[in-house]
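What's in structure.cif: mmCIF, C-alpha atoms
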```
data_coords
#
loop_
_atom_site.group_PDB
_atom_site.id
_atom_site.type_symbol
_atom_site.label_atom_id
_atom_site.label_comp_id
_atom_site.auth_asym_id
_atom_site.auth_seq_id
_atom_site.Cartn_x
_atom_site.Cartn_y
_atom_site.Cartn_z
ATOM 1 C CA MET P 60 3.420 27.127 1.707
ATOM 2 C CA GLU P 61 1.302 24.007 1.532
ATOM 3 C CA VAL P 62 -0.535 22.906 4.682
ATOM 4 C CA PHE P 63 -1.215 19.230 5.364
ATOM 5 C CA VAL P 64 -3.712 18.034 7.975
ATOM 6 C CA LEU P 65 -2.919 14.528 9.190
ATOM 7 C CA ASP P 66 -5.145 11.778 10.501
ATOM 8 C CA THR P 67 -3.918 8.921 12.717
ATOM 9 C CA SER P 68 -4.142 6.514 9.769
ATOM 10 C CA VAL P 69 -0.951 8.061 8.345
ATOM 11 C CA PHE P 70 0.944 6.508 11.261
ATOM 12 C CA THR P 71 -1.239 3.539 12.245
ATOM 13 C CA ASN P 72 -2.334 2.002 8.929
ATOM 14 C CA PRO P 73 0.433 -0.327 7.665
ATOM 15 C CA ASP P 74 -0.639 0.292 4.060
ATOM 16 C CA ILE P 75 0.337 3.932 4.602
ATOM 17 C CA TYR P 76 3.153 4.111 7.166
ATOM 18 C CA THR P 77 5.294 1.399 5.521
ATOM 19 C CA GLN P 78 6.158 3.863 2.732
ATOM 20 C CA PHE P 79 8.462 5.444 5.329
ATOM 21 C CA GLU P 80 9.718 2.179 6.879
ATOM 22 C CA LYS P 81 8.363 -1.266 7.768
ATOM 23 C CA ASP P 82 8.712 -0.634 11.519
ATOM 24 C CA GLN P 83 6.049 1.766 12.838
ATOM 25 C CA ILE P 84 8.360 3.806 15.107
ATOM 26 C CA GLY P 85 10.995 3.897 12.372
ATOM 27 C CA ALA P 86 8.347 5.118 9.953
ATOM 28 C CA ILE P 87 7.435 7.982 12.303
ATOM 29 C CA GLU P 88 11.130 8.880 12.707
ATOM 30 C CA ASN P 89 11.566 8.963 8.926
ATOM 31 C CA PHE P 90 8.411 11.050 8.516
ATOM 32 C CA ILE P 91 9.716 13.557 11.112
ATOM 33 C CA SER P 92 13.097 13.717 9.384
ATOM 34 C CA LEU P 93 11.544 14.392 5.997
ATOM 35 C CA ALA P 94 8.912 16.797 7.346
ATOM 36 C CA THR P 95 11.472 18.953 9.146
ATOM 37 C CA HIS P 96 13.507 19.296 5.949
ATOM 38 C CA THR P 97 10.668 20.773 3.901
ATOM 39 C CA ARG P 98 8.913 24.107 3.789
ATOM 40 C CA LEU P 99 5.588 22.344 4.269
ATOM 41 C CA SER P 100 3.372 22.755 7.337
ATOM 42 C CA PHE P 101 1.808 19.781 9.085
ATOM 43 C CA TYR P 102 -1.119 19.919 11.485
ATOM 44 C CA MET P 103 -3.013 17.403 13.578
ATOM 45 C CA PRO P 104 -6.049 18.242 15.714
ATOM 46 C CA THR P 105 -5.550 17.874 19.469
ATOM 47 C CA SER P 106 -8.242 15.181 19.751
ATOM 48 C CA VAL P 107 -6.551 13.151 16.998
ATOM 49 C CA TYR P 108 -3.137 13.570 18.608
ATOM 50 C CA GLU P 109 -4.529 12.350 21.943
ATOM 51 C CA GLU P 110 -6.076 9.335 20.189
ATOM 52 C CA PHE P 111 -2.783 8.695 18.382
ATOM 53 C CA THR P 112 -0.661 8.815 21.544
ATOM 54 C CA LYS P 113 -3.026 6.353 23.232
ATOM 55 C CA MET P 114 -2.562 3.947 20.318
ATOM 56 C CA LEU P 115 1.193 4.297 20.152
ATOM 57 C CA GLU P 116 3.807 5.218 22.771
ATOM 58 C CA LEU P 117 6.050 7.827 21.151
ATOM 59 C CA GLY P 118 8.542 8.062 24.032
ATOM 60 C CA SER P 119 11.499 10.276 23.107
ATOM 61 C CA LEU P 120 9.945 10.942 19.685
ATOM 62 C CA LYS P 121 7.082 12.934 21.215
ATOM 63 C CA PRO P 122 8.859 16.342 21.348
ATOM 64 C CA LYS P 123 10.301 15.831 17.843
ATOM 65 C CA PHE P 124 6.859 14.900 16.527
ATOM 66 C CA GLU P 125 5.341 18.002 18.146
ATOM 67 C CA LEU P 126 8.011 20.169 16.494
ATOM 68 C CA ALA P 127 7.311 18.662 13.075
ATOM 69 C CA VAL P 128 3.506 18.546 13.396
ATOM 70 C CA ARG P 129 1.588 21.451 14.904
ATOM 71 C CA ILE P 130 -1.035 20.183 17.341
ATOM 72 C CA ARG P 131 -4.105 22.399 17.252
ATOM 73 C CA SER P 132 -7.867 22.127 17.321
ATOM 74 C CA PRO P 133 -10.109 23.741 14.745
ATOM 75 C CA ARG P 134 -11.777 26.961 15.853
ATOM 76 C CA ARG P 135 -15.164 25.312 16.247
ATOM 77 C CA PHE P 136 -16.968 28.404 17.555
ATOM 78 C CA ASN P 137 -15.830 30.654 14.704
ATOM 79 C CA LEU P 138 -15.950 28.245 11.802
ATOM 80 C CA MET P 139 -18.770 28.448 9.295
ATOM 81 C CA VAL P 140 -19.669 25.304 7.384
ATOM 82 C CA PRO P 141 -22.108 25.100 4.487
ATOM 83 C CA ALA P 142 -25.654 24.231 5.538
ATOM 84 C CA GLU P 143 -25.814 21.760 2.640
ATOM 85 C CA PHE P 144 -23.102 19.733 4.395
ATOM 86 C CA LEU P 145 -25.340 19.377 7.453
ATOM 87 C CA TYR P 146 -28.371 18.464 5.333
ATOM 88 C CA GLU P 147 -26.423 15.758 3.509
ATOM 89 C CA PHE P 148 -24.963 14.458 6.743
ATOM 90 C CA ILE P 149 -28.389 14.184 8.401
ATOM 91 C CA GLU P 150 -29.798 12.395 5.330
ATOM 92 C CA GLU P 151 -26.871 9.976 5.357
ATOM 93 C CA VAL P 152 -27.287 9.253 9.084
ATOM 94 C CA ARG P 153 -31.029 8.660 8.656
ATOM 95 C CA TYR P 154 -30.405 6.290 5.728
ATOM 96 C CA ARG P 155 -27.822 4.356 7.748
ATOM 97 C CA ILE P 156 -30.055 4.102 10.821
ATOM 98 C CA ASN P 157 -32.856 2.661 8.684
ATOM 99 C CA LYS P 158 -30.410 0.237 7.047
ATOM 100 C CA GLY P 159 -29.194 -0.832 10.513
ATOM 101 C CA LEU P 160 -32.769 -1.427 11.645
ATOM 102 C CA ARG P 161 -33.459 -3.632 8.602
ATOM 103 C CA ILE P 162 -30.330 -5.663 9.371
ATOM 104 C CA ALA P 163 -31.416 -6.051 13.014
ATOM 105 C CA GLU P 164 -34.908 -7.153 11.922
ATOM 106 C CA GLU P 165 -33.479 -9.779 9.526
ATOM 107 C CA HIS P 166 -31.200 -11.204 12.189
ATOM 108 C CA THR P 167 -33.971 -11.210 14.802
ATOM 109 C CA LYS P 168 -36.176 -13.274 12.489
ATOM 110 C CA GLU P 169 -33.291 -15.647 11.803
ATOM 111 C CA ALA P 170 -32.534 -15.998 15.544
ATOM 112 C CA GLY P 171 -35.980 -17.495 16.167
ATOM 113 C CA LYS P 172 -35.094 -20.422 13.915
ATOM 114 C CA LEU P 173 -31.712 -21.219 15.506
ATOM 115 C CA LYS P 174 -30.537 -23.488 18.250
ATOM 116 C CA GLU P 175 -29.272 -21.685 21.338
ATOM 117 C CA GLU P 176 -25.605 -22.494 20.622
ATOM 118 C CA ASP P 177 -25.814 -20.812 17.194
ATOM 119 C CA VAL P 178 -27.261 -17.544 18.520
ATOM 120 C CA GLY P 179 -23.802 -16.251 19.559
ATOM 121 C CA ARG P 180 -22.489 -16.571 16.000
ATOM 122 C CA LEU P 181 -25.577 -14.799 14.702
ATOM 123 C CA ILE P 182 -25.078 -11.941 17.173
ATOM 124 C CA ASN P 183 -21.465 -11.527 16.021
ATOM 125 C CA LYS P 184 -22.627 -11.483 12.393
ATOM 126 C CA LEU P 185 -25.275 -8.898 13.303
ATOM 127 C CA ARG P 186 -22.694 -6.677 15.021
ATOM 128 C CA GLU P 187 -20.405 -6.842 11.991
ATOM 129 C CA LYS P 188 -23.111 -5.967 9.478
ATOM 130 C CA TYR P 189 -24.630 -3.310 11.743
ATOM 131 C CA ARG P 190 -21.238 -1.632 12.293
ATOM 132 C CA GLU P 191 -20.561 -1.674 8.565
ATOM 133 C CA ALA P 192 -23.992 -0.212 7.776
ATOM 134 C CA LEU P 193 -23.713 2.603 10.282
ATOM 135 C CA ARG P 194 -20.020 3.492 10.294
ATOM 136 C CA ALA P 195 -18.325 2.629 6.987
ATOM 137 C CA GLY P 196 -17.931 5.613 4.672
ATOM 138 C CA ILE P 197 -19.099 8.312 7.090
ATOM 139 C CA ILE P 198 -17.632 10.674 9.645
ATOM 140 C CA ASP P 199 -18.251 8.666 12.779
ATOM 141 C CA SER P 200 -16.179 10.329 15.489
ATOM 142 C CA LYS P 201 -15.337 13.760 16.857
ATOM 143 C CA GLU P 202 -11.732 13.097 15.815
ATOM 144 C CA ASP P 203 -12.818 12.656 12.178
ATOM 145 C CA LEU P 204 -14.838 15.845 12.386
ATOM 146 C CA ASP P 205 -11.889 17.732 13.907
ATOM 147 C CA VAL P 206 -9.629 16.632 11.033
ATOM 148 C CA LEU P 207 -12.247 17.704 8.511
ATOM 149 C CA LEU P 208 -12.888 21.068 10.192
ATOM 150 C CA LEU P 209 -9.193 21.875 10.635
ATOM 151 C CA ALA P 210 -8.454 21.088 6.980
ATOM 152 C CA TYR P 211 -11.447 23.232 5.994
ATOM 153 C CA GLU P 212 -10.377 26.118 8.253
ATOM 154 C CA LEU P 213 -6.737 26.101 7.111
ATOM 155 C CA ASP P 214 -7.601 25.383 3.452
ATOM 156 C CA GLY P 215 -5.240 22.481 3.944
ATOM 157 C CA ILE P 216 -4.664 19.202 2.190
ATOM 158 C CA LEU P 217 -6.233 16.275 4.023
ATOM 159 C CA VAL P 218 -4.020 13.216 4.459
ATOM 160 C CA SER P 219 -6.043 10.227 5.627
ATOM 161 C CA GLY P 220 -6.714 6.634 4.705
ATOM 162 C CA ASP P 221 -10.251 6.825 6.135
ATOM 163 C CA GLU P 222 -12.593 6.589 3.135
ATOM 164 C CA GLY P 223 -15.539 8.137 4.979
ATOM 165 C CA LEU P 224 -13.474 11.136 6.018
ATOM 166 C CA ARG P 225 -12.079 11.491 2.502
ATOM 167 C CA SER P 226 -15.559 11.281 0.973
ATOM 168 C CA TRP P 227 -16.983 13.990 3.227
ATOM 169 C CA ALA P 228 -13.892 16.184 2.784
ATOM 170 C CA ASP P 229 -14.386 16.011 -0.946
ATOM 171 C CA LYS P 230 -18.033 17.091 -0.542
ATOM 172 C CA VAL P 231 -16.970 20.368 1.098
ATOM 173 C CA GLY P 232 -14.105 21.036 -1.302
ATOM 174 C CA ILE P 233 -11.129 20.073 0.849
ATOM 175 C CA LYS P 234 -8.023 19.134 -1.120
ATOM 176 C CA LEU P 235 -6.975 15.497 -0.828
ATOM 177 C CA ILE P 236 -3.914 13.457 -1.615
ATOM 178 C CA ASP P 237 -3.471 9.722 -1.715
ATOM 179 C CA PRO P 238 -1.804 9.055 1.641
ATOM 180 C CA LYS P 239 0.273 6.273 0.071
ATOM 181 C CA GLY P 240 2.139 8.950 -1.923
ATOM 182 C CA LEU P 241 2.976 11.171 1.056
ATOM 183 C CA ARG P 242 6.651 10.163 1.179
ATOM 184 C CA LEU P 243 7.168 11.059 -2.494
ATOM 185 C CA ILE P 244 5.506 14.413 -1.918
ATOM 186 C CA LEU P 245 7.740 15.126 1.093
ATOM 187 C CA GLU P 246 10.837 14.101 -0.844
ATOM 188 C CA SER P 247 9.884 16.413 -3.724
ATOM 189 C CA TYR P 248 9.637 19.353 -1.287
ATOM 190 C CA THR P 249 12.885 18.552 0.564
ATOM 191 C CA ILE P 250 15.107 21.591 1.051
ATOM 192 C CA ARG P 251 18.487 20.920 -0.455
ATOM 193 C CA SER P 252 21.401 22.571 1.319
#
```
Please render this file's structure as structure tokens.
Amino acid sequence: MEVFVLDTSVFTNPDIYTQFEKDQIGAIENFISLATHTRLSFYMPTSVYEEFTKMLELGSLKPKFELAVRIRSPRRFNLMVPAEFLYEFIEEVRYRINKGLRIAEEHTKEAGKLKEEDVGRLINKLREKYREALRAGIIDSKEDLDVLLLAYELDGILVSGDEGLRSWADKVGIKLIDPKGLRLILESYTIRS
């Protein structure tokens, strides 16, 4: 039986959830209906589920969702990850910190040449570039790490639209699918009565 580990993006990113239906709640209902009629297993880490339910009120769908998707954290204290993963992660963080510092230095120099009313726009530009330099394409939250670790632990297939999470999952050998094809996959595994 195939195991799928889901990230919030499956249900919050319109590029992904609209494969089930245009309306977000309708999309979740359709996902649940398809998921419960397959022999596939679906998991979501507890931290991700908590994040998801803060983003979206499930209401009466909550118990149905919890029946279709097993909510469980990775076994963080028992899980062994390759040391190379940690080395690469530290190198990536160091590179991004240095890149962020260079961006801050450039904007600081530019701020000295501006009129006071233009400084606010420069600060917003700095925040945007700094966020992109430090966060894009990397695991940047405990929720991302939980998804990665749970997929690793269960030898599951990661389903996420987060490119950083997908990139790091690939580095440790976690199976991936294009989340935009999830509905077709579910339909192909539907149990016919």
Separation of CA of Val69 in chain P from CA of Ile216 in chain P in Å: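 We find that CA of Ile216 in chain P and CA of Val69 in chain P lie 13.3 Å from each other.
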Using the chain letters and numbers from this file, what does the PyMOL selection byres ((chain P and resi 75) around 10) select? Give the answer as a list in words.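 For this structure, the PyMOL selection byres ((chain P and resi 75) around 10) resolves to Ser68, Val69, Phe70, Thr71, Asn72, Pro73, Asp74, Tyr76, Thr77, Gln78, Phe79, Glu80, Ala86, Ser219, Gly220, Asp237, Pro238, Lys239, Gly240, Leu241 and Arg242 of chain P.
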Would you translate the PyMOL selection byres ((chain P and resi 203) around 9) into the concrete set of residues it matches in this file, as a tab-separated table (two decimals) with C-alpha atoms, keeping the file's coordinate frame?
```
chain	number	residue	atom	x	y	z
P	66	ASP	CA	-5.14	11.78	10.50
P	107	VAL	CA	-6.55	13.15	17.00
P	198	ILE	CA	-17.63	10.67	9.64
P	199	ASP	CA	-18.25	8.67	12.78
P	200	SER	CA	-16.18	10.33	15.49
P	201	LYS	CA	-15.34	13.76	16.86
P	202	GLU	CA	-11.73	13.10	15.82
P	204	LEU	CA	-14.84	15.84	12.39
P	205	ASP	CA	-11.89	17.73	13.91
P	206	VAL	CA	-9.63	16.63	11.03
P	207	LEU	CA	-12.25	17.70	8.51
P	208	LEU	CA	-12.89	21.07	10.19
P	221	ASP	CA	-10.25	6.82	6.14
P	223	GLY	CA	-15.54	8.14	4.98
P	224	LEU	CA	-13.47	11.14	6.02
```
Centre and size of axis-aligned box enclosing range 214-233 of chain P plus 8 Å each side, as lines of an AutoDock Vina configuration file:
```
center_x = -11.0
center_y = 16.0
center_z = 2.4
size_x = 30.0
size_y = 34.8
size_z = 23.4
```
Using only C-alpha atoms, find the one residue out of P:Asn137, P:Thr167, P:Thr67, P:Thr95 that sits nearest to Phe111 in chain P.
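When distances to Phe111 in chain P are compared using only C-alpha atoms, the smallest one comes from P:Thr67.
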If you count all atoms listed in the file, the residue of P:Arg225, P:Gly159, P:Val62, P:Glu151 closest to Glu187 in chain P turns out to be P:Gly159
What separates CA of Ala94 in chain P and CA of Ala228 in chain P is a distance of 23.3 Å
**Residue IDs satisfying the PyMOL selection byres ((chain P and resi 245) around 9), as a list in words** =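 Applying the expression gives Phe90, Leu93, Ala94, His96, Thr97, Leu99, Gly240, Leu241, Arg242, Leu243, Ile244, Glu246, Ser247, Tyr248 and Thr249 of chain P.
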**Asked** CA of Glu150 in chain P to CA of Asp214 in chain P: how many Å, to one decimal?
**Response**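 Rounded to one decimal, the two atoms are 25.8 Å apart.
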In terms of all atoms listed in the file, the residue from P:Met139, P:Gly179, P:Ser226, P:Gln83 at minimal distance from Leu115 in chain P is P:Gln83
Across P:Val218, P:Ile149, P:Ile250, P:Ile156, the smallest distance to Met103 in chain P, with only C-alpha atoms counted, is shown by P:Val218
Notebook entry, point to check: Which is closer to Gly85 in chain P than all the others in P:Leu185, P:Leu117, P:Thr112, P:Ala163, using all atoms listed in the file?
Noted result: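 Closest to Gly85 in chain P of all the choices is P:Leu117.
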For this session: Compare P:Pro104, P:Glu88, P:Met114, P:Ile162 by their minimum atom-to-atom distance to Ala127 in chain P, counting all atoms listed in the file, and give me the closest one.
Result: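 Of all the options, P:Glu88 lies closest to Ala127 in chain P.
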Pull range 78-100 of chain P out of the block and emit N, CA and C atoms, as a PDB file, in the first residue's frame.
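part_28.pdb, written as the output of this step:
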```
ATOM      1  N   GLN P  78      -7.711  21.203  -8.695  1.00  0.00           N
ATOM      2  CA  GLN P  78      -7.871  19.962  -9.451  1.00  0.00           C
ATOM      3  C   GLN P  78      -9.041  19.145  -8.903  1.00  0.00           C
ATOM      4  N   PHE P  79      -9.389  19.390  -7.630  1.00  0.00           N
ATOM      5  CA  PHE P  79     -10.504  18.691  -7.000  1.00  0.00           C
ATOM      6  C   PHE P  79     -11.810  19.468  -7.154  1.00  0.00           C
ATOM      7  N   GLU P  80     -11.745  20.784  -7.060  1.00  0.00           N
ATOM      8  CA  GLU P  80     -12.873  21.682  -7.278  1.00  0.00           C
ATOM      9  C   GLU P  80     -12.387  23.109  -7.089  1.00  0.00           C
ATOM     10  N   LYS P  81     -13.056  24.050  -7.721  1.00  0.00           N
ATOM     11  CA  LYS P  81     -12.664  25.466  -7.644  1.00  0.00           C
ATOM     12  C   LYS P  81     -12.772  26.006  -6.221  1.00  0.00           C
ATOM     13  N   ASP P  82     -13.849  25.628  -5.525  1.00  0.00           N
ATOM     14  CA  ASP P  82     -14.085  26.064  -4.150  1.00  0.00           C
ATOM     15  C   ASP P  82     -13.198  25.255  -3.196  1.00  0.00           C
ATOM     16  N   GLN P  83     -12.519  25.936  -2.277  1.00  0.00           N
ATOM     17  CA  GLN P  83     -11.556  25.269  -1.400  1.00  0.00           C
ATOM     18  C   GLN P  83     -12.195  24.187  -0.530  1.00  0.00           C
ATOM     19  N   ILE P  84     -13.316  24.480   0.104  1.00  0.00           N
ATOM     20  CA  ILE P  84     -13.988  23.479   0.951  1.00  0.00           C
ATOM     21  C   ILE P  84     -14.494  22.327   0.090  1.00  0.00           C
ATOM     22  N   GLY P  85     -15.048  22.650  -1.065  1.00  0.00           N
ATOM     23  CA  GLY P  85     -15.489  21.608  -1.994  1.00  0.00           C
ATOM     24  C   GLY P  85     -14.340  20.726  -2.438  1.00  0.00           C
ATOM     25  N   ALA P  86     -13.187  21.332  -2.640  1.00  0.00           N
ATOM     26  CA  ALA P  86     -11.993  20.582  -3.037  1.00  0.00           C
ATOM     27  C   ALA P  86     -11.598  19.595  -1.934  1.00  0.00           C
ATOM     28  N   ILE P  87     -11.664  20.037  -0.693  1.00  0.00           N
ATOM     29  CA  ILE P  87     -11.313  19.151   0.434  1.00  0.00           C
ATOM     30  C   ILE P  87     -12.329  18.013   0.523  1.00  0.00           C
ATOM     31  N   GLU P  88     -13.607  18.330   0.350  1.00  0.00           N
ATOM     32  CA  GLU P  88     -14.648  17.283   0.362  1.00  0.00           C
ATOM     33  C   GLU P  88     -14.392  16.250  -0.727  1.00  0.00           C
ATOM     34  N   ASN P  89     -14.066  16.714  -1.925  1.00  0.00           N
ATOM     35  CA  ASN P  89     -13.785  15.787  -3.031  1.00  0.00           C
ATOM     36  C   ASN P  89     -12.535  14.961  -2.772  1.00  0.00           C
ATOM     37  N   PHE P  90     -11.500  15.597  -2.185  1.00  0.00           N
ATOM     38  CA  PHE P  90     -10.300  14.843  -1.830  1.00  0.00           C
ATOM     39  C   PHE P  90     -10.667  13.726  -0.846  1.00  0.00           C
ATOM     40  N   ILE P  91     -11.428  14.067   0.200  1.00  0.00           N
ATOM     41  CA  ILE P  91     -11.814  13.083   1.226  1.00  0.00           C
ATOM     42  C   ILE P  91     -12.583  11.933   0.577  1.00  0.00           C
ATOM     43  N   SER P  92     -13.516  12.272  -0.295  1.00  0.00           N
ATOM     44  CA  SER P  92     -14.317  11.247  -0.966  1.00  0.00           C
ATOM     45  C   SER P  92     -13.435  10.303  -1.768  1.00  0.00           C
ATOM     46  N   LEU P  93     -12.531  10.860  -2.546  1.00  0.00           N
ATOM     47  CA  LEU P  93     -11.628  10.015  -3.330  1.00  0.00           C
ATOM     48  C   LEU P  93     -10.687   9.219  -2.430  1.00  0.00           C
ATOM     49  N   ALA P  94     -10.112   9.872  -1.433  1.00  0.00           N
ATOM     50  CA  ALA P  94      -9.134   9.215  -0.560  1.00  0.00           C
ATOM     51  C   ALA P  94      -9.740   8.028   0.182  1.00  0.00           C
ATOM     52  N   THR P  95     -10.980   8.164   0.607  1.00  0.00           N
ATOM     53  CA  THR P  95     -11.617   7.082   1.374  1.00  0.00           C
ATOM     54  C   THR P  95     -12.064   5.924   0.485  1.00  0.00           C
ATOM     55  N   HIS P  96     -11.996   6.107  -0.818  1.00  0.00           N
ATOM     56  CA  HIS P  96     -12.359   5.029  -1.742  1.00  0.00           C
ATOM     57  C   HIS P  96     -11.134   4.450  -2.445  1.00  0.00           C
ATOM     58  N   THR P  97      -9.990   4.564  -1.791  1.00  0.00           N
ATOM     59  CA  THR P  97      -8.755   3.966  -2.310  1.00  0.00           C
ATOM     60  C   THR P  97      -8.145   3.095  -1.221  1.00  0.00           C
ATOM     61  N   ARG P  98      -7.146   2.350  -1.614  1.00  0.00           N
ATOM     62  CA  ARG P  98      -6.387   1.564  -0.628  1.00  0.00           C
ATOM     63  C   ARG P  98      -5.087   2.289  -0.249  1.00  0.00           C
ATOM     64  N   LEU P  99      -5.045   3.576  -0.533  1.00  0.00           N
ATOM     65  CA  LEU P  99      -3.869   4.374  -0.221  1.00  0.00           C
ATOM     66  C   LEU P  99      -3.961   4.892   1.209  1.00  0.00           C
ATOM     67  N   SER P 100      -2.804   5.187   1.800  1.00  0.00           N
ATOM     68  CA  SER P 100      -2.756   5.777   3.139  1.00  0.00           C
ATOM     69  C   SER P 100      -2.265   7.208   3.024  1.00  0.00           C
TER      70      SER P 100
END
```
